[in-house]
file coords-v7.cif (mmCIF, C-alpha atoms)
data_data
#
loop_
_atom_site.group_PDB
_atom_site.id
_atom_site.type_symbol
_atom_site.label_atom_id
_atom_site.label_comp_id
_atom_site.auth_asym_id
_atom_site.auth_seq_id
_atom_site.Cartn_x
_atom_site.Cartn_y
_atom_site.Cartn_z
ATOM 1 C CA GLN A 1 225.174 109.395 426.645
ATOM 2 C CA VAL A 2 227.153 110.983 429.454
ATOM 3 C CA GLN A 3 226.635 114.399 431.010
ATOM 4 C CA LEU A 4 229.172 116.324 433.073
ATOM 5 C CA VAL A 5 228.352 119.243 435.349
ATOM 6 C CA GLU A 6 231.175 121.319 436.832
ATOM 7 C CA SER A 7 231.096 123.663 439.792
ATOM 8 C CA GLY A 8 233.479 125.546 442.035
ATOM 9 C CA GLY A 9 235.132 128.101 439.807
ATOM 10 C CA GLY A 10 235.501 131.740 440.739
ATOM 11 C CA LEU A 11 237.827 134.610 441.475
ATOM 12 C CA VAL A 12 240.701 134.191 443.914
ATOM 13 C CA GLN A 13 243.864 136.078 444.766
ATOM 14 C CA ALA A 14 247.265 134.689 443.933
ATOM 15 C CA GLY A 15 248.329 132.177 446.550
ATOM 16 C CA GLY A 16 244.758 131.216 447.289
ATOM 17 C CA SER A 17 242.874 127.968 446.783
ATOM 18 C CA LEU A 18 239.831 126.702 444.933
ATOM 19 C CA ARG A 19 238.186 123.304 444.649
ATOM 20 C CA LEU A 20 236.456 122.251 441.452
ATOM 21 C CA SER A 21 233.902 119.454 441.300
ATOM 22 C CA CYS A 22 232.472 117.584 438.345
ATOM 23 C CA ALA A 23 229.597 115.135 438.563
ATOM 24 C CA ALA A 24 229.014 112.646 435.767
ATOM 25 C CA SER A 25 225.638 111.138 434.983
ATOM 26 C CA GLY A 26 224.199 108.867 432.364
ATOM 27 C CA SER A 27 225.695 105.659 431.060
ATOM 28 C CA ILE A 28 228.825 105.398 433.223
ATOM 29 C CA SER A 29 230.845 102.221 433.174
ATOM 30 C CA SER A 30 233.115 101.309 436.054
ATOM 31 C CA ARG A 31 236.261 101.626 433.918
ATOM 32 C CA ASN A 32 236.951 105.174 432.817
ATOM 33 C CA VAL A 33 239.377 108.049 433.064
ATOM 34 C CA MET A 34 238.269 111.418 434.374
ATOM 35 C CA GLY A 35 240.249 114.572 434.110
ATOM 36 C CA TRP A 36 240.521 118.312 434.015
ATOM 37 C CA TYR A 37 241.704 120.444 431.127
ATOM 38 C CA ARG A 38 241.955 124.204 430.840
ATOM 39 C CA GLN A 39 241.967 126.812 428.144
ATOM 40 C CA ALA A 40 243.292 130.309 428.609
ATOM 41 C CA PRO A 41 242.381 133.143 426.210
ATOM 42 C CA GLY A 42 244.270 132.804 422.954
ATOM 43 C CA LYS A 43 245.749 129.437 423.913
ATOM 44 C CA GLN A 44 244.988 125.826 423.137
ATOM 45 C CA ARG A 45 243.196 123.603 425.601
ATOM 46 C CA GLU A 46 245.731 121.762 427.744
ATOM 47 C CA LEU A 47 245.761 118.857 430.132
ATOM 48 C CA VAL A 48 245.755 119.680 433.830
ATOM 49 C CA ALA A 49 245.324 116.277 435.477
ATOM 50 C CA THR A 50 243.714 112.895 434.978
ATOM 51 C CA ILE A 51 242.720 110.044 437.246
ATOM 52 C CA THR A 52 241.711 106.515 436.337
ATOM 53 C CA SER A 53 238.896 104.614 437.992
ATOM 54 C CA GLY A 54 241.644 102.716 439.809
ATOM 55 C CA GLY A 55 243.099 105.921 441.216
ATOM 56 C CA ALA A 56 246.215 106.371 439.082
ATOM 57 C CA THR A 57 246.932 110.057 438.537
ATOM 58 C CA ASN A 58 248.787 112.165 436.010
ATOM 59 C CA TYR A 59 249.579 115.885 436.228
ATOM 60 C CA ALA A 60 250.874 118.583 433.961
ATOM 61 C CA ASP A 61 254.309 119.791 435.051
ATOM 62 C CA SER A 62 252.928 123.295 435.585
ATOM 63 C CA VAL A 63 250.541 122.156 438.337
ATOM 64 C CA GLU A 64 252.463 119.244 439.890
ATOM 65 C CA GLY A 65 252.716 119.744 443.635
ATOM 66 C CA ARG A 66 250.043 122.473 443.720
ATOM 67 C CA PHE A 67 246.950 120.713 442.375
ATOM 68 C CA THR A 68 245.444 117.418 443.514
ATOM 69 C CA ILE A 69 242.935 115.403 441.535
ATOM 70 C CA SER A 70 240.692 112.898 443.292
ATOM 71 C CA ARG A 71 237.466 111.063 442.663
ATOM 72 C CA ASP A 72 234.550 109.430 444.392
ATOM 73 C CA ASN A 73 233.564 106.437 442.279
ATOM 74 C CA ALA A 74 230.344 105.902 444.218
ATOM 75 C CA LYS A 75 229.239 109.395 443.175
ATOM 76 C CA ASP A 76 230.882 109.412 439.713
ATOM 77 C CA THR A 77 232.457 112.696 440.738
ATOM 78 C CA VAL A 78 235.940 114.062 440.187
ATOM 79 C CA TYR A 79 237.534 116.888 442.142
ATOM 80 C CA LEU A 80 240.429 119.248 441.556
ATOM 81 C CA GLN A 81 241.926 120.879 444.617
ATOM 82 C CA MET A 82 243.970 123.856 443.480
ATOM 83 C CA ASN A 83 246.398 125.435 445.955
ATOM 84 C CA SER A 84 249.012 128.162 445.608
ATOM 85 C CA LEU A 85 247.175 129.530 442.605
ATOM 86 C CA LYS A 86 249.022 131.796 440.206
ATOM 87 C CA PRO A 87 247.718 134.353 437.706
ATOM 88 C CA GLU A 88 248.840 132.032 434.911
ATOM 89 C CA ASP A 89 246.325 129.456 436.174
ATOM 90 C CA THR A 90 243.541 131.745 434.950
ATOM 91 C CA ALA A 91 241.490 129.824 432.394
ATOM 92 C CA VAL A 92 238.242 128.060 431.731
ATOM 93 C CA TYR A 93 238.527 124.635 433.311
ATOM 94 C CA TYR A 94 236.784 121.727 431.612
ATOM 95 C CA CYS A 95 235.907 118.379 433.104
ATOM 96 C CA ASN A 96 236.412 115.378 430.862
ATOM 97 C CA ILE A 97 235.608 111.686 430.973
ATOM 98 C CA PHE A 98 237.017 109.061 428.632
ATOM 99 C CA ILE A 99 234.691 106.085 428.559
ATOM 100 C CA ARG A 100 234.085 103.351 425.976
ATOM 101 C CA ALA A 101 236.486 105.019 423.528
ATOM 102 C CA HIS A 102 234.612 108.343 423.666
ATOM 103 C CA TYR A 103 235.476 111.687 425.230
ATOM 104 C CA TYR A 104 232.761 113.726 426.891
ATOM 105 C CA TRP A 105 233.170 117.309 428.086
ATOM 106 C CA GLY A 106 231.551 119.559 430.632
ATOM 107 C CA GLN A 107 230.511 123.117 429.869
ATOM 108 C CA GLY A 108 233.508 124.644 431.621
ATOM 109 C CA THR A 109 233.939 126.782 434.697
ATOM 110 C CA GLN A 110 235.933 130.012 434.861
ATOM 111 C CA VAL A 111 238.860 130.305 437.254
ATOM 112 C CA THR A 112 240.398 133.741 437.585
ATOM 113 C CA VAL A 113 243.484 134.385 439.717
ATOM 114 C CA SER A 114 244.279 138.018 440.441
ATOM 115 C CA SER A 115 247.799 139.210 441.180
#

call {"tool": "encode", "arguments": {"input": "coords-v7.cif", "output": "structure tokens"}}
result
Amino acid sequence: QVQLVESGGGLVQAGGSLRLSCAASGSISSRNVMGWYRQAPGKQRELVATITSGGATNYADSVEGRFTISRDNAKDTVYLQMNSLKPEDTAVYYCNIFIRAHYYWGQGTQVTVSS
């Protein structure tokens, strides 16, 4: 089993920044993909960014150039640095890890961007 614990959400004004963290624990293999997804009210959950254990990254077009995903493999932790936040970034952000053909999810952390 794998557990994910997120932190770092909150309320910020448009144009501001937030940094999300997600620590994984349990049976973690060295080869995995970690990522962030988000779900706004009334909308489907969508990909924000992913990063492989080798450091390859992938971003949604809507956050490219504003958000940066990174990870510390020694700590099994993934980060999401969010800059130039917009009201449309408001959502619950979920950490995800894909490992041994299974997806595991964190409990989610609320990010609210005021205009």

call {"tool": "atom_distance", "arguments": {"input": "coords-v7.cif", "atom1": "CA of Leu18 in chain A", "atom2": "CA of Gln81 in chain A"}}
result
6.2 Å

call {"tool": "resolve_selection", "arguments": {"input": "coords-v7.cif", "expression": "the PyMOL selection byres ((chain A and resi 90-104) around 6)", "output": "list in words"}}
result
Asn32, Val33, Met34, Gly35, Trp36, Tyr37, Arg38, Gln39, Ala40, Pro87, Glu88, Asp89, Trp105, Gly106, Gly108, Thr109, Gln110, Val111, Thr112 and Val113 of chain A

call {"tool": "residues_near_point", "arguments": {"input": "coords-v7.cif", "point": "(228.5, 106.1, 436.5)", "cutoff": "9 Å", "atoms": "only C-alpha atoms", "output": "list in words"}}
result
Val2, Ala24, Ser25, Gly26, Ser27, Ile28, Ser29, Ser30, Asn73, Ala74, Lys75, Asp76 and Thr77 of chain A

call {"tool": "atom_distance", "arguments": {"input": "coords-v7.cif", "atom1": "CA of Gly16 in chain A", "atom2": "CA of Leu85 in chain A"}}
result
5.5 Å

call {"tool": "atom_distance", "arguments": {"input": "coords-v7.cif", "atom1": "CA of Ser7 in chain A", "atom2": "CA of Ile51 in chain A"}}
result
18.1 Å

call {"tool": "closest_residue", "arguments": {"input": "coords-v7.cif", "among": "A:Gly15, A:Ala56, A:Val63, A:Gly10", "to": "Ser84 in chain A", "atoms": "only C-alpha atoms"}}
result
A:Gly15

call {"tool": "residues_around", "arguments": {"input": "coords-v7.cif", "residues": "Ser62 in chain A", "least_positions_apart": "2", "cutoff": "10 Å", "atoms": "all atoms listed in the file", "output": "number ranges by chain"}}
result
A: 48, 59-60, 64-67, 88-89

call {"tool": "closest_residue", "arguments": {"input": "coords-v7.cif", "among": "A:Val12, A:Gln3, A:Arg31, A:Gly42", "to": "Gly54 in chain A", "atoms": "only C-alpha atoms"}}
result
A:Arg31

call {"tool": "closest_residue", "arguments": {"input": "coords-v7.cif", "among": "A:Val5, A:Ala23, A:Ala14, A:Leu47", "to": "Asn83 in chain A", "atoms": "only C-alpha atoms"}}
result
A:Ala14

call {"tool": "closest_residue", "arguments": {"input": "coords-v7.cif", "among": "A:Ile69, A:Leu11, A:Leu80, A:Ala49", "to": "Ser115 in chain A", "atoms": "all atoms listed in the file"}}
result
A:Leu11

call {"tool": "closest_residue", "arguments": {"input": "coords-v7.cif", "among": "A:Thr52, A:Gln1, A:Gln44, A:Ser21", "to": "Val78 in chain A", "atoms": "all atoms listed in the file"}}
result
A:Ser21

call {"tool": "build_atoms", "arguments": {"input": "coords-v7.cif", "residues": "range 17-28 of chain A", "atoms": "all heavy atoms", "output": "PDB file, keeping the file's coordinate frame"}}
result
ATOM      1  N   SER A  17     243.278 129.326 447.148  1.00  0.00           N
ATOM      2  CA  SER A  17     242.874 127.968 446.783  1.00  0.00           C
ATOM      3  C   SER A  17     241.439 127.951 446.261  1.00  0.00           C
ATOM      4  O   SER A  17     240.621 128.796 446.636  1.00  0.00           O
ATOM      5  CB  SER A  17     242.958 127.042 448.002  1.00  0.00           C
ATOM      6  OG  SER A  17     244.275 126.940 448.488  1.00  0.00           O
ATOM      7  N   LEU A  18     241.182 126.981 445.411  1.00  0.00           N
ATOM      8  CA  LEU A  18     239.831 126.702 444.933  1.00  0.00           C
ATOM      9  C   LEU A  18     239.691 125.195 444.768  1.00  0.00           C
ATOM     10  O   LEU A  18     240.685 124.498 444.520  1.00  0.00           O
ATOM     11  CB  LEU A  18     239.553 127.362 443.578  1.00  0.00           C
ATOM     12  CG  LEU A  18     239.224 128.850 443.533  1.00  0.00           C
ATOM     13  CD1 LEU A  18     239.114 129.315 442.085  1.00  0.00           C
ATOM     14  CD2 LEU A  18     237.944 129.153 444.292  1.00  0.00           C
ATOM     15  N   ARG A  19     238.459 124.721 444.873  1.00  0.00           N
ATOM     16  CA  ARG A  19     238.186 123.304 444.649  1.00  0.00           C
ATOM     17  C   ARG A  19     237.098 123.188 443.589  1.00  0.00           C
ATOM     18  O   ARG A  19     236.005 123.718 443.762  1.00  0.00           O
ATOM     19  CB  ARG A  19     237.739 122.628 445.927  1.00  0.00           C
ATOM     20  CG  ARG A  19     237.615 121.105 445.801  1.00  0.00           C
ATOM     21  CD  ARG A  19     236.968 120.518 447.017  1.00  0.00           C
ATOM     22  NE  ARG A  19     237.111 119.072 447.092  1.00  0.00           N
ATOM     23  CZ  ARG A  19     236.194 118.274 447.612  1.00  0.00           C
ATOM     24  NH1 ARG A  19     235.074 118.771 448.092  1.00  0.00           N
ATOM     25  NH2 ARG A  19     236.397 116.961 447.657  1.00  0.00           N
ATOM     26  N   LEU A  20     237.419 122.505 442.510  1.00  0.00           N
ATOM     27  CA  LEU A  20     236.456 122.251 441.452  1.00  0.00           C
ATOM     28  C   LEU A  20     235.850 120.863 441.633  1.00  0.00           C
ATOM     29  O   LEU A  20     236.533 119.928 442.071  1.00  0.00           O
ATOM     30  CB  LEU A  20     237.113 122.338 440.080  1.00  0.00           C
ATOM     31  CG  LEU A  20     237.873 123.625 439.746  1.00  0.00           C
ATOM     32  CD1 LEU A  20     238.407 123.555 438.322  1.00  0.00           C
ATOM     33  CD2 LEU A  20     236.996 124.835 439.931  1.00  0.00           C
ATOM     34  N   SER A  21     234.585 120.745 441.271  1.00  0.00           N
ATOM     35  CA  SER A  21     233.902 119.454 441.300  1.00  0.00           C
ATOM     36  C   SER A  21     233.256 119.201 439.952  1.00  0.00           C
ATOM     37  O   SER A  21     232.867 120.146 439.252  1.00  0.00           O
ATOM     38  CB  SER A  21     232.819 119.439 442.375  1.00  0.00           C
ATOM     39  OG  SER A  21     233.349 119.649 443.652  1.00  0.00           O
ATOM     40  N   CYS A  22     233.126 117.952 439.596  1.00  0.00           N
ATOM     41  CA  CYS A  22     232.472 117.584 438.345  1.00  0.00           C
ATOM     42  C   CYS A  22     231.732 116.270 438.559  1.00  0.00           C
ATOM     43  O   CYS A  22     232.356 115.251 438.863  1.00  0.00           O
ATOM     44  CB  CYS A  22     233.491 117.442 437.228  1.00  0.00           C
ATOM     45  SG  CYS A  22     232.810 116.798 435.682  1.00  0.00           S
ATOM     46  N   ALA A  23     230.428 116.319 438.392  1.00  0.00           N
ATOM     47  CA  ALA A  23     229.597 115.135 438.563  1.00  0.00           C
ATOM     48  C   ALA A  23     229.182 114.591 437.204  1.00  0.00           C
ATOM     49  O   ALA A  23     228.682 115.348 436.354  1.00  0.00           O
ATOM     50  CB  ALA A  23     228.365 115.478 439.387  1.00  0.00           C
ATOM     51  N   ALA A  24     229.400 113.310 437.004  1.00  0.00           N
ATOM     52  CA  ALA A  24     229.014 112.646 435.767  1.00  0.00           C
ATOM     53  C   ALA A  24     227.699 111.912 435.975  1.00  0.00           C
ATOM     54  O   ALA A  24     227.431 111.374 437.050  1.00  0.00           O
ATOM     55  CB  ALA A  24     230.093 111.669 435.331  1.00  0.00           C
ATOM     56  N   SER A  25     226.893 111.885 434.938  1.00  0.00           N
ATOM     57  CA  SER A  25     225.638 111.138 434.983  1.00  0.00           C
ATOM     58  C   SER A  25     225.379 110.523 433.622  1.00  0.00           C
ATOM     59  O   SER A  25     225.971 110.919 432.615  1.00  0.00           O
ATOM     60  CB  SER A  25     224.479 112.047 435.388  1.00  0.00           C
ATOM     61  OG  SER A  25     224.306 113.082 434.436  1.00  0.00           O
ATOM     62  N   GLY A  26     224.497 109.547 433.612  1.00  0.00           N
ATOM     63  CA  GLY A  26     224.199 108.867 432.364  1.00  0.00           C
ATOM     64  C   GLY A  26     224.767 107.455 432.378  1.00  0.00           C
ATOM     65  O   GLY A  26     224.846 106.813 433.406  1.00  0.00           O
ATOM     66  N   SER A  27     225.213 107.019 431.220  1.00  0.00           N
ATOM     67  CA  SER A  27     225.695 105.659 431.060  1.00  0.00           C
ATOM     68  C   SER A  27     227.187 105.587 431.418  1.00  0.00           C
ATOM     69  O   SER A  27     228.057 105.706 430.565  1.00  0.00           O
ATOM     70  CB  SER A  27     225.481 105.193 429.619  1.00  0.00           C
ATOM     71  OG  SER A  27     225.923 103.860 429.457  1.00  0.00           O
ATOM     72  N   ILE A  28     227.455 105.412 432.718  1.00  0.00           N
ATOM     73  CA  ILE A  28     228.825 105.398 433.223  1.00  0.00           C
ATOM     74  C   ILE A  28     229.243 103.962 433.486  1.00  0.00           C
ATOM     75  O   ILE A  28     228.594 103.261 434.258  1.00  0.00           O
ATOM     76  CB  ILE A  28     228.948 106.200 434.530  1.00  0.00           C
ATOM     77  CG1 ILE A  28     228.336 107.592 434.390  1.00  0.00           C
ATOM     78  CG2 ILE A  28     230.405 106.278 434.974  1.00  0.00           C
ATOM     79  CD1 ILE A  28     229.065 108.507 433.462  1.00  0.00           C
TER      80      ILE A  28
END
